[in-house]
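Notes follow the structure.
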Amino acid sequence: MVFRKRKSFILGLAIVVAGCMTYPGVTSEERKAFRGELQGKRLEHYYDQAVRVVSVGYRLLKINPKGEASPNHPELPLLYSNANKTLRETGYDFLPKKSVMVVGLLSKLAPPQLSLKIKRGDQIVMVEEKPVHSEGEINEALKSFRQGEAVNVRFKRGLDEWEETLPIIFLEQEVKFAVDGKTGYLNAWTNALNSISVTTPMLRFVKTDDELAFILGHEIGHITEGHWLTTRVIYAGGATAGATVGQMIDQFAPGAGGVAGALAQAILTSPFSKEMEYDADRAALKYMKRGGFDLSQATHVFKRMAVEIPKTQKFSIVASHPATPERMHELEAMIEKGVP
Ligand SMILES: [Zn+2]
């Protein structure tokens, strides 16, 4: 018996060793090429998600042409990026070093014929006859425009160059949108620097752009309602457990976990009151209505989250956050009352 056991152990060991040694021959060049291919795919995936988030975000923040608000934040119906090192190393090596590339068209905000022509990888070379080489130069060129005006933009693809007339979108508030592909947990948050991040699991969780609109709308609400300004004052006064302004965050789903390191501190010192949370929800519904989203999906997203990820119901870490049933009830009441 002992012998047989031992034999099978040796046999097992031999298989493991042989398994390693007879691993199909992959050269280091092939491995490198495979890694490069994956990195390229990751970048494309990231850009697809970024286009989705920015597209929904801009629809929420877009001021109608007749709007009385001052036209402070002009944007193109495009997502673009400086041709940085990563980008030029991942399939976009044809771009000049100092140039701007189209990442995606925000199709719901652009005239339909544009979506046939402009695509990722096209270079933006001029705005109103003025050469542009960076995101900053484009933003600068857009500043002099007024509500309802259009802008001539020149694109380049290979040897082909052409011009398009694009509408300018004016936003109520300048907000930076980001996709967080590292955290790995379902969540979304905003910080005092007007930046909103959505994690990739959250983007997988939301079934529709309407659901995503509620999540983004809530975080936008904290910004436009001036909640951060109030808390900035408090924090500047030093009444904190050591969190800096940049570390403070508002999480959409505090119970979902996943925010680590410096941000963990901020969870424990969540800056907003229950009233502020309801105000942000109210603002989210207002923005959803303005952007043409389905308001009833605001409650769907909460219900689904409570069913599929039960721990999101436990908001115990942040005493000021209303619990899910309470918040859902309040949302339904807001919708019933009518959203301005
Ligand atoms: Zn909040």
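Scheme for the structure tokens: letters A, B, ... for chains in order shown; per-chain residue numbers from 1; ligand numbers from 1 in order shown.
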Close residues to ligand 1 using only C-alpha atoms and all ligand atoms, limit 6 Å, as a PDB file with N, CA and C atoms, in the first residue's frame:
```pdb
ATOM      1  N   ASP A 250     -17.901  61.181  -2.551  1.00  0.00           N
ATOM      2  CA  ASP A 250     -19.264  60.730  -2.328  1.00  0.00           C
ATOM      3  C   ASP A 250     -19.420  59.470  -3.145  1.00  0.00           C
ATOM      4  N   GLN A 251     -19.782  58.372  -2.485  1.00  0.00           N
ATOM      5  CA  GLN A 251     -19.951  57.114  -3.200  1.00  0.00           C
ATOM      6  C   GLN A 251     -21.403  56.860  -3.510  1.00  0.00           C
ATOM      7  N   PHE A 252     -21.671  56.345  -4.682  1.00  0.00           N
ATOM      8  CA  PHE A 252     -23.054  56.018  -5.026  1.00  0.00           C
ATOM      9  C   PHE A 252     -23.537  54.817  -4.226  1.00  0.00           C
ATOM     10  N   GLU A 277     -28.026  64.238   0.287  1.00  0.00           N
ATOM     11  CA  GLU A 277     -28.197  63.054  -0.568  1.00  0.00           C
ATOM     12  C   GLU A 277     -29.536  63.110  -1.311  1.00  0.00           C
TER      13      GLU A 277
END
```
Point to revise | Close residues, A:Asp180 itself excluded, 7 Å, only C-alpha atoms, min 5 positions apart in chain, as a ChimeraX atom specification | key: /A:197-200
Just-selected residues, C-alpha atoms written as a PDB file, in the first residue's frame:
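File produced: result-v4.pdb:
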```pdb
ATOM      1  CA  SER A 197     -15.536  58.094 -11.737  1.00  0.00           C
ATOM      2  CA  VAL A 198     -17.525  55.000 -12.642  1.00  0.00           C
ATOM      3  CA  THR A 199     -15.984  51.565 -12.162  1.00  0.00           C
ATOM      4  CA  THR A 200     -16.107  48.916 -14.889  1.00  0.00           C
TER       5      THR A 200
END
```
Exercise for review: Name all residues at most 9 Å from A:Asp209 (count only C-alpha atoms; drop same-chain ones fewer than 5 positions away) and give them as a list in words.
Suggested key: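 My reading of the contact set: Arg52, Val53, Val56, Phe214 and Phe293 of chain A.
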Exercise for review: Once DSSP has gone over the backbone, tell me which residues of stretch 38-181 of chain A are in strand (DSSP E), as number ranges by chain.
Suggested key: A: 73-75, 78-82, 100-105, 123-127, 130-131, 150-157, 160-167, 169-171, 176-180
Point to revise | Long-range neighbours of A:Val179 as a ChimeraX atom specification, 12 Å cut-off, only C-alpha atoms, 3 positions minimum in chain | key: /A:43,45-54,176,182-184,186-190,195-204,216
Exercise for review: Determine the nearest neighbour of A:Val132 from the options A:Phe94, A:Ile168, A:Val307, A:Asn82, counting only C-alpha atoms.
Suggested key: A:Asn82
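Backbone DSSP of stretch 134-178 of chain A yields alpha helix (DSSP H) at Glu135, Gly136, Glu137, Ile138, Asn139, Glu140, Ala141 and Leu142 of chain A.
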Restrict the selected residues to C-alpha atoms and save them as a PDB file, in the first residue's frame.
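Contents of the output file again.pdb:
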```pdb
ATOM      1  CA  GLU A 135      -6.789  69.107 -26.209  1.00  0.00           C
ATOM      2  CA  GLY A 136      -5.955  72.435 -24.573  1.00  0.00           C
ATOM      3  CA  GLU A 137      -5.740  74.216 -27.913  1.00  0.00           C
ATOM      4  CA  ILE A 138      -9.147  72.865 -28.942  1.00  0.00           C
ATOM      5  CA  ASN A 139     -10.722  73.949 -25.653  1.00  0.00           C
ATOM      6  CA  GLU A 140      -9.184  77.387 -26.108  1.00  0.00           C
ATOM      7  CA  ALA A 141     -10.490  77.680 -29.679  1.00  0.00           C
ATOM      8  CA  LEU A 142     -14.045  76.860 -28.543  1.00  0.00           C
TER       9      LEU A 142
END
```
Practice item. Please provide the set of residues having any atom within 12 Å of A:Phe302, restricted to only C-alpha atoms, with same-chain residues fewer than 2 positions apart removed, written as an NGL selection string. Key: :A and (205-206 or 211-212 or 214-215 or 252-253 or 281 or 296-300 or 304-310 or 312-313 or 323-332)
Output C-alpha atoms of each residue in that selection to a file, as a PDB file, in the first residue's frame.
```pdb
ATOM      1  CA  PHE A 205     -24.199  46.273 -13.895  1.00  0.00           C
ATOM      2  CA  VAL A 206     -26.234  49.098 -15.430  1.00  0.00           C
ATOM      3  CA  GLU A 211     -29.853  53.699 -15.216  1.00  0.00           C
ATOM      4  CA  LEU A 212     -26.387  55.102 -15.755  1.00  0.00           C
ATOM      5  CA  PHE A 214     -29.361  58.347 -12.566  1.00  0.00           C
ATOM      6  CA  ILE A 215     -26.002  57.377 -11.098  1.00  0.00           C
ATOM      7  CA  PHE A 252     -23.054  56.018  -5.026  1.00  0.00           C
ATOM      8  CA  ALA A 253     -23.069  52.589  -3.356  1.00  0.00           C
ATOM      9  CA  ASP A 281     -31.283  62.528  -6.057  1.00  0.00           C
ATOM     10  CA  SER A 296     -38.680  55.326 -13.727  1.00  0.00           C
ATOM     11  CA  GLN A 297     -35.303  53.643 -14.206  1.00  0.00           C
ATOM     12  CA  ALA A 298     -33.878  55.596 -11.289  1.00  0.00           C
ATOM     13  CA  THR A 299     -35.693  53.302  -8.895  1.00  0.00           C
ATOM     14  CA  HIS A 300     -34.972  50.206 -11.011  1.00  0.00           C
ATOM     15  CA  ARG A 304     -31.783  45.643  -8.793  1.00  0.00           C
ATOM     16  CA  MET A 305     -28.755  46.584  -6.762  1.00  0.00           C
ATOM     17  CA  ALA A 306     -30.509  45.622  -3.512  1.00  0.00           C
ATOM     18  CA  VAL A 307     -31.517  42.256  -4.998  1.00  0.00           C
ATOM     19  CA  GLU A 308     -28.296  41.367  -6.768  1.00  0.00           C
ATOM     20  CA  ILE A 309     -25.796  42.901  -4.333  1.00  0.00           C
ATOM     21  CA  PRO A 310     -27.545  42.773  -0.932  1.00  0.00           C
ATOM     22  CA  THR A 312     -25.386  47.685  -0.822  1.00  0.00           C
ATOM     23  CA  GLN A 313     -28.440  47.911   1.444  1.00  0.00           C
ATOM     24  CA  ALA A 323     -30.786  53.352   3.517  1.00  0.00           C
ATOM     25  CA  THR A 324     -31.935  51.883   0.194  1.00  0.00           C
ATOM     26  CA  PRO A 325     -35.669  51.344   1.006  1.00  0.00           C
ATOM     27  CA  GLU A 326     -35.897  54.845   2.398  1.00  0.00           C
ATOM     28  CA  ARG A 327     -34.183  56.320  -0.623  1.00  0.00           C
ATOM     29  CA  MET A 328     -36.311  54.346  -3.084  1.00  0.00           C
ATOM     30  CA  HIS A 329     -39.485  55.446  -1.355  1.00  0.00           C
ATOM     31  CA  GLU A 330     -38.346  59.053  -1.469  1.00  0.00           C
ATOM     32  CA  LEU A 331     -37.456  58.793  -5.177  1.00  0.00           C
ATOM     33  CA  GLU A 332     -40.852  57.385  -6.047  1.00  0.00           C
TER      34      GLU A 332
END
```
Practice item. Work out how far apart atom CA of A:Gln113 and atom CA of A:Met101 are and give it in Å to one decimal. Key: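 A separation of 19.7 Å between them.
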**Study point:** Top pick for closest residue to A:Leu285, considering A:Val26, A:Ala192, A:Ala213, A:Val301 and counting only C-alpha atoms
**Key:** A:Ala213
Check your understanding: Within 9 Å of A:Gly217, counting only C-alpha atoms, which residues qualify if same-chain residues fewer than 4 places away don't, as a list in words?
Key -> Gly57, Leu60, Leu61, Leu212, Ala213, Gly221, His222, Ala280, Asp281, Ala283, Ala284, Leu285, Lys286, Tyr287 and Met288 of chain A
Take the residues that were just selected and, keeping N, CA and C atoms, output them as a PDB file, in the first residue's frame.
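New file again.pdb:
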```pdb
ATOM      1  N   GLY A  57     -23.189  61.677 -19.603  1.00  0.00           N
ATOM      2  CA  GLY A  57     -22.882  62.836 -18.757  1.00  0.00           C
ATOM      3  C   GLY A  57     -23.197  64.156 -19.450  1.00  0.00           C
ATOM      4  N   LEU A  60     -26.886  64.908 -19.752  1.00  0.00           N
ATOM      5  CA  LEU A  60     -27.466  65.392 -18.497  1.00  0.00           C
ATOM      6  C   LEU A  60     -27.141  66.866 -18.269  1.00  0.00           C
ATOM      7  N   LEU A  61     -25.945  67.242 -18.659  1.00  0.00           N
ATOM      8  CA  LEU A  61     -25.471  68.596 -18.352  1.00  0.00           C
ATOM      9  C   LEU A  61     -25.752  69.615 -19.442  1.00  0.00           C
ATOM     10  N   LEU A 212     -27.675  54.412 -15.917  1.00  0.00           N
ATOM     11  CA  LEU A 212     -26.387  55.102 -15.755  1.00  0.00           C
ATOM     12  C   LEU A 212     -26.614  56.602 -15.536  1.00  0.00           C
ATOM     13  N   ALA A 213     -27.636  57.144 -16.215  1.00  0.00           N
ATOM     14  CA  ALA A 213     -27.946  58.570 -16.096  1.00  0.00           C
ATOM     15  C   ALA A 213     -28.306  58.932 -14.652  1.00  0.00           C
ATOM     16  N   GLY A 221     -25.303  66.146  -9.286  1.00  0.00           N
ATOM     17  CA  GLY A 221     -26.125  66.929  -8.354  1.00  0.00           C
ATOM     18  C   GLY A 221     -25.322  67.474  -7.189  1.00  0.00           C
ATOM     19  N   HIS A 222     -24.439  66.658  -6.625  1.00  0.00           N
ATOM     20  CA  HIS A 222     -23.605  67.131  -5.504  1.00  0.00           C
ATOM     21  C   HIS A 222     -22.746  68.319  -5.945  1.00  0.00           C
ATOM     22  N   ALA A 280     -29.337  65.642  -4.041  1.00  0.00           N
ATOM     23  CA  ALA A 280     -28.607  65.130  -5.213  1.00  0.00           C
ATOM     24  C   ALA A 280     -29.500  64.197  -6.033  1.00  0.00           C
ATOM     25  N   ASP A 281     -30.334  63.398  -5.348  1.00  0.00           N
ATOM     26  CA  ASP A 281     -31.283  62.528  -6.057  1.00  0.00           C
ATOM     27  C   ASP A 281     -32.295  63.362  -6.836  1.00  0.00           C
ATOM     28  N   ALA A 283     -31.875  66.393  -7.950  1.00  0.00           N
ATOM     29  CA  ALA A 283     -31.167  66.996  -9.088  1.00  0.00           C
ATOM     30  C   ALA A 283     -30.988  65.968 -10.202  1.00  0.00           C
ATOM     31  N   ALA A 284     -30.699  64.717  -9.819  1.00  0.00           N
ATOM     32  CA  ALA A 284     -30.501  63.659 -10.817  1.00  0.00           C
ATOM     33  C   ALA A 284     -31.752  63.490 -11.667  1.00  0.00           C
ATOM     34  N   LEU A 285     -32.920  63.509 -11.008  1.00  0.00           N
ATOM     35  CA  LEU A 285     -34.180  63.353 -11.751  1.00  0.00           C
ATOM     36  C   LEU A 285     -34.389  64.538 -12.698  1.00  0.00           C
ATOM     37  N   LYS A 286     -34.037  65.735 -12.225  1.00  0.00           N
ATOM     38  CA  LYS A 286     -34.179  66.937 -13.056  1.00  0.00           C
ATOM     39  C   LYS A 286     -33.299  66.813 -14.314  1.00  0.00           C
ATOM     40  N   TYR A 287     -32.058  66.374 -14.119  1.00  0.00           N
ATOM     41  CA  TYR A 287     -31.144  66.232 -15.260  1.00  0.00           C
ATOM     42  C   TYR A 287     -31.576  65.116 -16.201  1.00  0.00           C
ATOM     43  N   MET A 288     -32.122  64.043 -15.613  1.00  0.00           N
ATOM     44  CA  MET A 288     -32.597  62.937 -16.449  1.00  0.00           C
ATOM     45  C   MET A 288     -33.729  63.414 -17.352  1.00  0.00           C
TER      46      MET A 288
END
```
Practice item. Quick one: everything within 12 Å of A:Gly91, counting only C-alpha atoms, minus sequence neighbours fewer than 5 positions away in the same chain. Send it as a list in words. Key: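 Answer for this query is Ala33, Gly36, Glu37, Leu38, Gln39, Gly40, Lys41, Arg42, Leu43, Glu44, Ala83, Asn84, Lys85, Thr86, Arg120 and Gly121 of chain A.
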Produce a file of the selected residues containing C-alpha atoms, as a compact mmCIF listing (two decimals), in the first residue's frame.
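Produced file result30.txt, reproduced below:
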```txt
# COMPACT_ATOMS: atom_id res chain seq x y z
CA ALA A 33 3.16 40.48 -29.38
CA GLY A 36 0.76 44.13 -26.97
CA GLU A 37 -2.41 42.89 -28.61
CA LEU A 38 -4.17 42.57 -25.23
CA GLN A 39 -3.02 46.02 -24.20
CA GLY A 40 -4.43 47.43 -27.41
CA LYS A 41 -7.76 45.67 -26.82
CA ARG A 42 -7.85 46.98 -23.24
CA LEU A 43 -7.39 50.51 -24.50
CA GLU A 44 -10.19 50.12 -27.08
CA ALA A 83 -1.71 61.40 -28.85
CA ASN A 84 0.29 60.43 -25.78
CA LYS A 85 2.93 57.71 -25.49
CA THR A 86 0.56 54.88 -24.47
CA ARG A 120 -11.62 56.63 -33.69
CA GLY A 121 -8.09 57.35 -34.82
```
Check your understanding: atom CA of A:Ile63 to atom CA of A:Ile220: how many Å, to one decimal?
Key ->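 Going from atom CA of A:Ile63 over to atom CA of A:Ile220 covers 14.1 Å.
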Point to revise | Shortest interatomic distance to A:Thr208 - which of A:Leu114, A:Ser28, A:Leu295, A:Asn152, counting only C-alpha atoms | key: A:Leu295
**Study point:** Top pick for closest residue to A:Ile124, considering A:Lys97, A:Arg35, A:Arg157, A:Lys108 and counting only C-alpha atoms
**Key:**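 Distance minimum relative to A:Ile124 lands on A:Arg157.
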Exercise for review: Quote the spacing between atom CA of A:Glu128 and atom CA of A:Phe170 in Å to one decimal place.
Suggested key: 17.8 Å
